[in-house]
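Asker: I have a structure I would like to understand better, so I am pasting it below and will then ask my questions one at a time.
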Amino acid sequence: MGKTARQEPATHEKARRLGEARLWLLARPYTAGELARALGVHVRTAQRYLGDLGAVPLDERARPPRYRLLTSEELSPVEALVTHSALRMLYHHAPGHNAIYLEALLKLARRMPEPAQGVAIRSTEDLKRRLSRRLDEGDALGKVAEAWFRQQAIEFYYRKPGGSGQARRNEVEVYFVEISRLNLGVYVIGYERGYHRKLRTYKLNRMSRIRPVGEAGAYSIPADFDPRRYLSDAWGVVGGSGGEPVEVRLRFRPEAAYRLREGGYPDMELLDLPDGGLEARFMAGTDNEGFPLEILSWVQGWGPRVEVLEPENLRRRWLEEARQVLGEYAGDSRDRAGRGDDARRRDLSRRGGKVRP
């Protein structure tokens with residue numbers, strides 16, 4: 001009895017320290033030495049705790065290795081459906097085949113009850129028929145994610161739209177991966193430590209020749225980096241690699257207003273107009289010249305149902321491109337109409353009908 005009493009404090013102490021070690025490892029990876037110092041125990045004791053908790057090394061080659069916990073939380077069937085639907089939408093907008101997305105879709109589908117499970121699995125397997133000559137975006141995402149999780153910098157070449165056309169080398173410490181609300185593209189946010197030496201945003205499918213550089217654990221994400229604050233002023237383009245965000249004001253005609261009222265634009269202020277239309281106001285990120293480039297195509301997608309009010313450079317560009325389209329194709333339209341009239345005249349003439357001039 002006395003022996004048991006003497007062991008209980010040690011057992012409780014170990015359980016307490018194991019729980020504490022688990023919390024530390026859930027926060028970030030630790031070496032055995034770092035964990036020992038955090039817990040106030042010997043390194044060998046920390047190594048035993050790592051074994052008891054099933055912690056795995058981030059990189060077997062690193063010395064000393066850093067360990068992390070593999071955790072899993074079960075999704076409810078409805079949560080699995082929501083996640084599956086969101087990932088499926090992302091896959092549909094990917095530029096090519098994406099093996100990582102497909103595998104994740106299958107795993108999520110298997111978490112659903114029947115009959116939804118069978119239908120979701122068949123639908124996901126059918127997506128495998130979608131092929132593309134372009135780079136598998138899942139492969140690129142996998143390389144970025146692995147480096148991010150290991151806190152290892154990546155090197156890649158990036159071709160910026162509207163630039164020189166030459167792909168330029170970048171070396172980035174990845175801080176976050178985000179999805180654009182407009183085009184559902186995957187964007188990488190991180191500190192470019194080569195030429196720019198500041199936070200930058202990169203669209204994943206513009207990145208090529210991605211490879212890790214340096215050692216794992218070579219950088220730490222600053223404690224004051226908050227992706228919500230970083231992205232709060234960026235509507236359209238994700239992040240702000242160029243100029244300061246600008247306010248955009250658009251006037252929508254009544255036939256388009258209902259689509260905006262349906263939602264999906266959380267950072268947009270909507271003002272009702274007397275004719276039933278809407279005025280929309282929101283902040284948008286800009287490029288190095290202060291132009292909200294990636295919002296332009298979204299605005300143009302509304303056709304004549306929208307008018308750009310501000311900023312002036314967006315309104316000017318929107319009008320210029322609308323006039324270019326009119327000038328380019330208005331003549332074709334008249335030519336097609338004229339050719340149609342000529343064909344009708346010839347047909348009437350062959351049938352003996354009267355041809356009007």
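Simple scheme: letters A, B, ... for chains in structure tokens order, numbers from 1 for residues in each chain, numbers from 1 for ligands in the order shown.
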Just want the 9 Å neighbourhood of A:Ala80, counted on only C-alpha atoms, with same-chain residues fewer than 6 positions away dropped. Output as JSON, numbers by chain.

Answerer: {"A": [108, 109, 110, 111, 112]}

Asker: Next, dump the selected residues to file, keeping only C-alpha atoms, as a PDB file, in the first residue's frame.

Answerer:
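Written file, part.pdb:
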ATOM      1  CA  LEU A 108     -13.954  13.810 -47.427  1.00  0.00           C
ATOM      2  CA  ALA A 109     -16.481  11.898 -49.521  1.00  0.00           C
ATOM      3  CA  ARG A 110     -15.815   8.747 -47.480  1.00  0.00           C
ATOM      4  CA  ARG A 111     -16.801  10.622 -44.327  1.00  0.00           C
ATOM      5  CA  MET A 112     -20.332  11.211 -45.623  1.00  0.00           C
TER       6      MET A 112
END

Asker: Stretch 36-226 of chain A: which residues are alpha helix (DSSP H) by DSSP, as a VMD selection string?

Answerer: chain A and resid 36 to 39 43 to 53 77 to 93 99 to 109 116 to 126 137 to 150

Asker: Just the residues within 10 Å of A:Gln300, please, counting only C-alpha atoms, with nothing from its chain fewer than 6 positions along; format it as a tab-separated table (two decimals) with C-alpha atoms, in the first residue's frame.

Answerer:
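Writing the result to selection_11.tsv gives the following:
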chain	number	residue	atom	x	y	z
A	306	VAL	CA	-22.26	48.71	-63.92
A	307	GLU	CA	-20.61	52.12	-64.08
A	308	VAL	CA	-17.24	52.84	-62.49
A	318	TRP	CA	-12.73	50.69	-67.99
A	319	LEU	CA	-14.02	53.23	-70.55
A	321	GLU	CA	-11.29	49.09	-73.00
A	322	ALA	CA	-15.05	49.32	-73.59

Asker: Considering only strand (DSSP E or B) as DSSP defines it on the backbone, what residues of stretch 127-314 of chain A qualify? List them as an MDAnalysis selection string.

Answerer: chainID A and resid 153:158 168:179 186:192 198:203 207:213 246:252 269:272 278:284 306:310

Asker: For A:Gly54, which residue out of A:Ala27, A:Leu18, A:Lys160, A:Val78 is the nearest one, using only C-alpha atoms?

Answerer: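 Nearest to A:Gly54: A:Leu18.
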
Asker: I'd like to know which of A:Tyr202, A:Tyr30, A:Tyr191, A:Tyr258 is closest to A:Pro57, using only C-alpha atoms.

Answerer: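 Nearest to A:Pro57: A:Tyr30.
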
Asker: Env of A:Leu199: 8 Å cut, atoms = only C-alpha atoms, seq-sep filter 5 positions within chain, self excluded. Answer as a VMD selection string.

Answerer: chain A and resid 189 to 192 241

Asker: My list of candidates is A:Asp267, A:Glu244, A:Lys107, A:Ser208. Which is closest to A:Leu75 when distances are computed with only C-alpha atoms?

Answerer: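 The shortest atom-to-atom distance to A:Leu75 comes from A:Lys107.
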
Asker: Please provide the set of residues having any atom within 12 Å of stretch 275-282 of chain A, restricted to only C-alpha atoms, with same-chain residues fewer than 4 positions apart removed, written as an NGL selection string.

Answerer: :A and (232-236 or 245-261 or 265-271 or 292 or 295 or 299 or 305-311)

Asker: Selected residues, C-alpha atoms, written as a PDB file, in the first residue's frame, please.

Answerer:
ATOM      1  CA  SER A 232      -8.373  43.470 -44.480  1.00  0.00           C
ATOM      2  CA  ASP A 233      -7.870  46.248 -47.043  1.00  0.00           C
ATOM      3  CA  ALA A 234      -7.427  43.946 -50.033  1.00  0.00           C
ATOM      4  CA  TRP A 235     -10.620  43.211 -51.959  1.00  0.00           C
ATOM      5  CA  GLY A 236      -9.908  41.559 -55.252  1.00  0.00           C
ATOM      6  CA  PRO A 245      -5.326  50.161 -51.221  1.00  0.00           C
ATOM      7  CA  VAL A 246      -7.868  52.492 -52.847  1.00  0.00           C
ATOM      8  CA  GLU A 247     -11.607  52.949 -52.428  1.00  0.00           C
ATOM      9  CA  VAL A 248     -13.657  51.715 -55.378  1.00  0.00           C
ATOM     10  CA  ARG A 249     -17.155  53.091 -56.059  1.00  0.00           C
ATOM     11  CA  LEU A 250     -19.444  51.393 -58.561  1.00  0.00           C
ATOM     12  CA  ARG A 251     -23.031  52.126 -59.602  1.00  0.00           C
ATOM     13  CA  PHE A 252     -25.099  49.038 -60.484  1.00  0.00           C
ATOM     14  CA  ARG A 253     -28.303  49.088 -62.489  1.00  0.00           C
ATOM     15  CA  PRO A 254     -31.477  47.590 -60.948  1.00  0.00           C
ATOM     16  CA  GLU A 255     -31.220  44.357 -62.978  1.00  0.00           C
ATOM     17  CA  ALA A 256     -27.840  43.623 -61.357  1.00  0.00           C
ATOM     18  CA  ALA A 257     -28.624  44.893 -57.863  1.00  0.00           C
ATOM     19  CA  TYR A 258     -30.379  41.715 -56.704  1.00  0.00           C
ATOM     20  CA  ARG A 259     -27.245  39.657 -57.283  1.00  0.00           C
ATOM     21  CA  LEU A 260     -25.259  41.911 -54.951  1.00  0.00           C
ATOM     22  CA  ARG A 261     -28.010  41.844 -52.341  1.00  0.00           C
ATOM     23  CA  TYR A 265     -19.210  40.327 -50.606  1.00  0.00           C
ATOM     24  CA  PRO A 266     -18.606  40.785 -46.855  1.00  0.00           C
ATOM     25  CA  ASP A 267     -16.420  43.887 -47.081  1.00  0.00           C
ATOM     26  CA  MET A 268     -18.627  45.752 -49.535  1.00  0.00           C
ATOM     27  CA  GLU A 269     -20.880  48.637 -48.475  1.00  0.00           C
ATOM     28  CA  LEU A 270     -24.134  48.768 -50.457  1.00  0.00           C
ATOM     29  CA  LEU A 271     -26.224  51.951 -50.761  1.00  0.00           C
ATOM     30  CA  PRO A 292      -6.470  48.022 -58.902  1.00  0.00           C
ATOM     31  CA  ILE A 295     -10.587  44.094 -59.877  1.00  0.00           C
ATOM     32  CA  VAL A 299     -16.012  44.899 -63.086  1.00  0.00           C
ATOM     33  CA  ARG A 305     -25.015  46.907 -65.829  1.00  0.00           C
ATOM     34  CA  VAL A 306     -22.256  48.705 -63.923  1.00  0.00           C
ATOM     35  CA  GLU A 307     -20.610  52.122 -64.077  1.00  0.00           C
ATOM     36  CA  VAL A 308     -17.236  52.837 -62.492  1.00  0.00           C
ATOM     37  CA  LEU A 309     -17.343  56.043 -60.452  1.00  0.00           C
ATOM     38  CA  GLU A 310     -14.005  55.903 -58.636  1.00  0.00           C
ATOM     39  CA  PRO A 311     -11.035  55.759 -58.667  1.00  0.00           C
TER      40      PRO A 311
END

Asker: Which polymer residues have any atom within 12 Å of an atom of A:Ala216, counting only C-alpha atoms, with same-chain residues fewer than 5 positions away left out, as a ChimeraX atom specification?

Answerer: /A:29,57-67,146-154,173

Asker: Mind writing the picked residues with N, CA, C and O atoms as an mmCIF file, in the first residue's frame?

Answerer:
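As a result, again_1.cif now contains:
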data_model
loop_
_atom_site.group_PDB
_atom_site.id
_atom_site.type_symbol
_atom_site.label_atom_id
_atom_site.label_comp_id
_atom_site.auth_asym_id
_atom_site.auth_seq_id
_atom_site.Cartn_x
_atom_site.Cartn_y
_atom_site.Cartn_z
ATOM 1 N N PRO A 29 6.578 23.074 -33.557
ATOM 2 C CA PRO A 29 7.554 21.993 -33.394
ATOM 3 C C PRO A 29 8.662 22.387 -32.405
ATOM 4 O O PRO A 29 9.037 23.557 -32.307
ATOM 5 N N PRO A 57 9.389 13.550 -36.188
ATOM 6 C CA PRO A 57 10.316 14.607 -36.614
ATOM 7 C C PRO A 57 9.848 15.255 -37.906
ATOM 8 O O PRO A 57 9.321 14.593 -38.806
ATOM 9 N N LEU A 58 10.039 16.550 -37.992
ATOM 10 C CA LEU A 58 9.721 17.269 -39.229
ATOM 11 C C LEU A 58 10.648 16.842 -40.350
ATOM 12 O O LEU A 58 10.236 16.707 -41.500
ATOM 13 N N ASP A 59 11.911 16.651 -40.036
ATOM 14 C CA ASP A 59 12.912 16.291 -41.040
ATOM 15 C C ASP A 59 13.913 15.340 -40.392
ATOM 16 O O ASP A 59 14.627 15.716 -39.451
ATOM 17 N N GLU A 60 13.942 14.103 -40.866
ATOM 18 C CA GLU A 60 14.837 13.101 -40.301
ATOM 19 C C GLU A 60 16.301 13.517 -40.431
ATOM 20 O O GLU A 60 17.145 13.110 -39.633
ATOM 21 N N ARG A 61 16.615 14.334 -41.436
ATOM 22 C CA ARG A 61 18.005 14.704 -41.674
ATOM 23 C C ARG A 61 18.483 15.832 -40.780
ATOM 24 O O ARG A 61 19.678 16.032 -40.606
ATOM 25 N N ALA A 62 17.561 16.591 -40.226
ATOM 26 C CA ALA A 62 17.940 17.748 -39.414
ATOM 27 C C ALA A 62 18.565 17.293 -38.099
ATOM 28 O O ALA A 62 18.150 16.297 -37.503
ATOM 29 N N ARG A 63 19.554 18.001 -37.641
ATOM 30 C CA ARG A 63 20.205 17.707 -36.371
ATOM 31 C C ARG A 63 20.353 18.981 -35.552
ATOM 32 O O ARG A 63 21.018 19.913 -36.002
ATOM 33 N N PRO A 64 19.727 19.051 -34.370
ATOM 34 C CA PRO A 64 18.800 18.049 -33.838
ATOM 35 C C PRO A 64 17.433 18.155 -34.515
ATOM 36 O O PRO A 64 17.049 19.252 -34.942
ATOM 37 N N PRO A 65 16.689 17.062 -34.596
ATOM 38 C CA PRO A 65 15.391 17.123 -35.264
ATOM 39 C C PRO A 65 14.360 17.882 -34.430
ATOM 40 O O PRO A 65 14.436 17.902 -33.196
ATOM 41 N N ARG A 66 13.423 18.498 -35.122
ATOM 42 C CA ARG A 66 12.300 19.164 -34.462
ATOM 43 C C ARG A 66 11.092 18.257 -34.588
ATOM 44 O O ARG A 66 10.835 17.696 -35.651
ATOM 45 N N TYR A 67 10.319 18.147 -33.522
ATOM 46 C CA TYR A 67 9.211 17.201 -33.471
ATOM 47 C C TYR A 67 7.875 17.937 -33.444
ATOM 48 O O TYR A 67 7.757 19.045 -32.929
ATOM 49 N N GLU A 146 4.794 22.140 -47.832
ATOM 50 C CA GLU A 146 5.840 21.422 -47.097
ATOM 51 C C GLU A 146 6.887 22.392 -46.554
ATOM 52 O O GLU A 146 7.319 22.279 -45.397
ATOM 53 N N ALA A 147 7.285 23.354 -47.379
ATOM 54 C CA ALA A 147 8.266 24.337 -46.927
ATOM 55 C C ALA A 147 7.694 25.208 -45.822
ATOM 56 O O ALA A 147 8.384 25.535 -44.842
ATOM 57 N N TRP A 148 6.442 25.587 -45.950
ATOM 58 C CA TRP A 148 5.772 26.421 -44.941
ATOM 59 C C TRP A 148 5.724 25.694 -43.598
ATOM 60 O O TRP A 148 6.082 26.248 -42.559
ATOM 61 N N PHE A 149 5.305 24.427 -43.625
ATOM 62 C CA PHE A 149 5.200 23.667 -42.386
ATOM 63 C C PHE A 149 6.562 23.445 -41.740
ATOM 64 O O PHE A 149 6.670 23.364 -40.517
ATOM 65 N N ARG A 150 7.589 23.330 -42.566
ATOM 66 C CA ARG A 150 8.941 23.100 -42.043
ATOM 67 C C ARG A 150 9.681 24.401 -41.762
ATOM 68 O O ARG A 150 10.820 24.375 -41.318
ATOM 69 N N GLN A 151 9.042 25.534 -42.049
ATOM 70 C CA GLN A 151 9.674 26.850 -41.892
ATOM 71 C C GLN A 151 10.987 26.909 -42.668
ATOM 72 O O GLN A 151 12.036 27.310 -42.164
ATOM 73 N N GLN A 152 10.881 26.500 -43.938
ATOM 74 C CA GLN A 152 12.024 26.494 -44.844
ATOM 75 C C GLN A 152 11.704 27.400 -46.030
ATOM 76 O O GLN A 152 10.606 27.337 -46.592
ATOM 77 N N ALA A 153 12.624 28.237 -46.421
ATOM 78 C CA ALA A 153 12.391 29.167 -47.528
ATOM 79 C C ALA A 153 12.267 28.406 -48.847
ATOM 80 O O ALA A 153 12.740 27.268 -48.976
ATOM 81 N N ILE A 154 11.607 29.024 -49.823
ATOM 82 C CA ILE A 154 11.488 28.444 -51.161
ATOM 83 C C ILE A 154 12.054 29.410 -52.188
ATOM 84 O O ILE A 154 11.993 30.630 -52.032
ATOM 85 N N GLU A 173 10.071 33.399 -47.659
ATOM 86 C CA GLU A 173 9.692 32.704 -46.438
ATOM 87 C C GLU A 173 8.168 32.745 -46.362
ATOM 88 O O GLU A 173 7.573 33.815 -46.230
#

Asker: List the spatial neighbours of A:Tyr158 as a tab-separated table (two decimals) with N, CA, C and O atoms, in the first residue's frame - criterion: any atom at most 10 Å away, only C-alpha atoms, same-chain residues fewer than 6 positions off excluded.

Answerer:
chain	number	residue	atom	x	y	z
A	165	GLY	N	7.70	40.31	-68.99
A	165	GLY	CA	7.51	39.02	-69.63
A	165	GLY	C	8.54	37.99	-69.22
A	165	GLY	O	8.40	36.81	-69.52
A	166	GLN	N	9.58	38.45	-68.54
A	166	GLN	CA	10.63	37.56	-68.06
A	166	GLN	C	10.29	37.05	-66.66
A	166	GLN	O	9.86	37.82	-65.81
A	167	ALA	N	10.49	35.75	-66.44
A	167	ALA	CA	10.29	35.19	-65.11
A	167	ALA	C	11.47	35.56	-64.23
A	167	ALA	O	12.62	35.36	-64.62
A	168	ARG	N	11.19	36.12	-63.06
A	168	ARG	CA	12.24	36.58	-62.17
A	168	ARG	C	12.34	35.69	-60.94
A	168	ARG	O	11.33	35.21	-60.42
A	169	ARG	N	13.55	35.51	-60.47
A	169	ARG	CA	13.81	34.65	-59.31
A	169	ARG	C	13.37	35.34	-58.03
A	169	ARG	O	13.60	36.54	-57.83
A	170	ASN	N	12.72	34.59	-57.14
A	170	ASN	CA	12.32	35.07	-55.83
A	170	ASN	C	12.73	34.05	-54.78
A	170	ASN	O	12.74	32.84	-55.05
A	202	TYR	N	2.03	36.26	-54.13
A	202	TYR	CA	2.31	35.59	-55.40
A	202	TYR	C	1.17	34.62	-55.73
A	202	TYR	O	0.73	33.85	-54.87
A	203	LYS	N	0.71	34.67	-56.98
A	203	LYS	CA	-0.29	33.72	-57.42
A	203	LYS	C	0.38	32.39	-57.75
A	203	LYS	O	1.37	32.36	-58.49
A	204	LEU	N	-0.16	31.31	-57.19
A	204	LEU	CA	0.52	30.02	-57.26
A	204	LEU	C	0.77	29.57	-58.69
A	204	LEU	O	1.86	29.07	-59.01
A	205	ASN	N	-0.22	29.72	-59.58
A	205	ASN	CA	-0.01	29.19	-60.93
A	205	ASN	C	0.88	30.08	-61.80
A	205	ASN	O	1.09	29.77	-62.97
A	206	ARG	N	1.42	31.16	-61.23
A	206	ARG	CA	2.44	31.95	-61.92
A	206	ARG	C	3.84	31.61	-61.41
A	206	ARG	O	4.82	32.17	-61.88
A	207	MET	N	3.90	30.72	-60.43
A	207	MET	CA	5.18	30.32	-59.83
A	207	MET	C	5.69	29.07	-60.53
A	207	MET	O	4.93	28.12	-60.73
A	208	SER	N	6.94	29.04	-60.89
A	208	SER	CA	7.52	27.87	-61.55
A	208	SER	C	8.87	27.54	-60.93
A	208	SER	O	9.48	28.37	-60.25
A	209	ARG	N	9.31	26.31	-61.17
A	209	ARG	CA	10.60	25.81	-60.67
A	209	ARG	C	10.73	26.02	-59.15
A	209	ARG	O	11.72	26.54	-58.65
A	210	ILE	N	9.70	25.63	-58.44
A	210	ILE	CA	9.68	25.80	-56.98
A	210	ILE	C	10.57	24.75	-56.33
A	210	ILE	O	10.47	23.56	-56.64
